[in-house]
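Student: Dropping the structure in here first, questions after.
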Amino acid sequence: MPHAEVMHDEDHDLMKLIRKAGRLHEEGRDSDAQAVYLDVWKQADKPEDDYHACMAAHMLGVMETSLDEKLRWHVESLERANRVQDRRRQRASTHRSTGILATSTDNSATATRRSGTTAWPASTLES
């Protein structure tokens with residue numbers, strides 16, 4: 001797991017890709033943005049980089065059109081956010097993944113209601 005300094009390093013290769021994907025999404029180029037976020041997801045998954053994987057999964061869930069896939073990505077984002085353990089997590093008001101955690105929880109609940117799913121994976125409820 002990367003240290004907080006690496007996670008918030010704006011020059012980190014994965015942060016550069018995340019910003020690029022965000023710009024593509026803002027430009028309405030969602031298929032291009034999804035491809036970049038998926039690339040971030042794959043790269044972040046290899047070294048167990050939960051912070052960047054959480055961010056990528058969250059945005060993949062936001063852009064996904066299928067409710068089942070939307071829910072899957074948001075649950076994945078929640079699971080990754082729960083694994084992020086560094087000193088910034090204790091300061092919830094300034095930690096990016098905390099904001100993602102709250103948004104993913106809301107998005108997951110909405111997707112769950114729409115899909116008719118009633119069970120939440122136990123891992124998403126752990127703190």
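Labels used: A, B, ... for chains in the order of the structure tokens, numbers from 1 for residues in each chain, and numbers from 1 for ligands as shown.
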If you count only C-alpha atoms, which residues fall within 12 Å of Ala33 (chain A), apart from same-chain ones fewer than 2 positions away, as a list in words?
Tutor: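 That gives Leu17, Ile18, Arg19, Lys20, Ala21, Gly22, Arg23, Leu24, His25, Glu26, Glu27, Gly28, Arg29, Asp30, Ser31, Ala35, Val36, Tyr37, Leu38, Asp39, Val40, Ala56, Met59, Leu60, Val62, Met63 and Glu64 of chain A.
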Student: Could those residues be written to a file, using N, CA and C atoms, as a short mmCIF file (atom, residue, chain, number, x, y, z; two decimals), in the first residue's frame?
Tutor:
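Output below, filename again_34.cif:
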```
data_model
loop_
_atom_site.label_atom_id
_atom_site.label_comp_id
_atom_site.auth_asym_id
_atom_site.auth_seq_id
_atom_site.Cartn_x
_atom_site.Cartn_y
_atom_site.Cartn_z
N LEU A 17 -3.06 9.89 -15.04
CA LEU A 17 -4.08 9.20 -15.84
C LEU A 17 -5.48 9.50 -15.31
N ILE A 18 -5.64 9.56 -14.01
CA ILE A 18 -6.95 9.88 -13.42
C ILE A 18 -7.39 11.28 -13.85
N ARG A 19 -6.46 12.23 -13.82
CA ARG A 19 -6.80 13.59 -14.27
C ARG A 19 -7.14 13.61 -15.76
N LYS A 20 -6.39 12.85 -16.55
CA LYS A 20 -6.67 12.76 -17.99
C LYS A 20 -8.07 12.21 -18.22
N ALA A 21 -8.41 11.14 -17.53
CA ALA A 21 -9.73 10.53 -17.67
C ALA A 21 -10.82 11.51 -17.24
N GLY A 22 -10.56 12.26 -16.18
CA GLY A 22 -11.52 13.26 -15.73
C GLY A 22 -11.78 14.32 -16.79
N ARG A 23 -10.71 14.76 -17.45
CA ARG A 23 -10.87 15.75 -18.53
C ARG A 23 -11.69 15.17 -19.69
N LEU A 24 -11.40 13.91 -20.03
CA LEU A 24 -12.15 13.26 -21.11
C LEU A 24 -13.64 13.16 -20.75
N HIS A 25 -13.91 12.80 -19.50
CA HIS A 25 -15.30 12.70 -19.03
C HIS A 25 -15.98 14.06 -19.10
N GLU A 26 -15.29 15.11 -18.68
CA GLU A 26 -15.86 16.46 -18.74
C GLU A 26 -16.14 16.90 -20.17
N GLU A 27 -15.34 16.41 -21.11
CA GLU A 27 -15.53 16.74 -22.53
C GLU A 27 -16.63 15.89 -23.17
N GLY A 28 -17.21 14.97 -22.40
CA GLY A 28 -18.26 14.11 -22.94
C GLY A 28 -17.72 12.89 -23.67
N ARG A 29 -16.45 12.62 -23.54
CA ARG A 29 -15.82 11.48 -24.21
C ARG A 29 -15.75 10.30 -23.23
N ASP A 30 -16.94 9.84 -22.82
CA ASP A 30 -17.01 8.84 -21.76
C ASP A 30 -16.37 7.50 -22.13
N SER A 31 -16.49 7.06 -23.37
CA SER A 31 -15.87 5.77 -23.72
C SER A 31 -14.35 5.87 -23.61
N ALA A 35 -12.01 3.90 -20.74
CA ALA A 35 -10.82 3.12 -21.11
C ALA A 35 -9.63 3.52 -20.24
N VAL A 36 -9.46 4.80 -19.99
CA VAL A 36 -8.35 5.26 -19.16
C VAL A 36 -8.56 4.83 -17.71
N TYR A 37 -9.79 5.00 -17.18
CA TYR A 37 -10.06 4.56 -15.81
C TYR A 37 -9.85 3.05 -15.66
N LEU A 38 -10.22 2.29 -16.69
CA LEU A 38 -10.00 0.85 -16.63
C LEU A 38 -8.50 0.52 -16.63
N ASP A 39 -7.73 1.29 -17.37
CA ASP A 39 -6.28 1.13 -17.37
C ASP A 39 -5.72 1.43 -15.97
N VAL A 40 -6.20 2.51 -15.35
CA VAL A 40 -5.78 2.83 -13.98
C VAL A 40 -6.14 1.68 -13.05
N ALA A 56 -10.57 4.92 -9.43
CA ALA A 56 -10.94 4.43 -10.76
C ALA A 56 -12.27 3.68 -10.71
N MET A 59 -15.27 6.09 -10.43
CA MET A 59 -15.63 6.77 -11.66
C MET A 59 -16.17 5.81 -12.71
N LEU A 60 -15.68 4.57 -12.72
CA LEU A 60 -16.25 3.57 -13.63
C LEU A 60 -17.72 3.33 -13.25
N VAL A 62 -19.70 5.52 -11.78
CA VAL A 62 -20.45 6.74 -12.13
C VAL A 62 -20.84 6.72 -13.61
N MET A 63 -19.93 6.28 -14.47
CA MET A 63 -20.17 6.33 -15.91
C MET A 63 -20.88 5.10 -16.46
N GLU A 64 -20.91 4.03 -15.69
CA GLU A 64 -21.53 2.78 -16.16
C GLU A 64 -23.04 2.99 -16.37
#
```
Student: When you look at His52 (chain A) with a cut-off of 8 Å (counting only C-alpha atoms), what residues show up, excluding the ones that are within fewer than 2 positions of it in the same chain? I need them as an NGL selection string.
Tutor: :A and (7 or 14-15 or 40-41 or 44 or 49-50 or 54-56)
Student: For a test of reading the model, state the distance in Å between CA of Lys16 (chain A) and CA of Gln34 (chain A), rounded to one decimal.
Tutor: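 Going from CA of Lys16 (chain A) over to CA of Gln34 (chain A) covers 14.7 Å.
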Student: With distances taken over only C-alpha atoms, which residue among A:Asp9, A:Lys42, A:Asp32, A:Ala57 lies nearest Glu69 (chain A)?
Tutor: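 Looking only at the distances to Glu69 (chain A), the closest residue turns out to be A:Ala57.
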Student: Just how far from CA of Glu10 (chain A) is CA of Leu71 (chain A), in Å to one decimal?
Tutor: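 So the answer is 28.6 Å.
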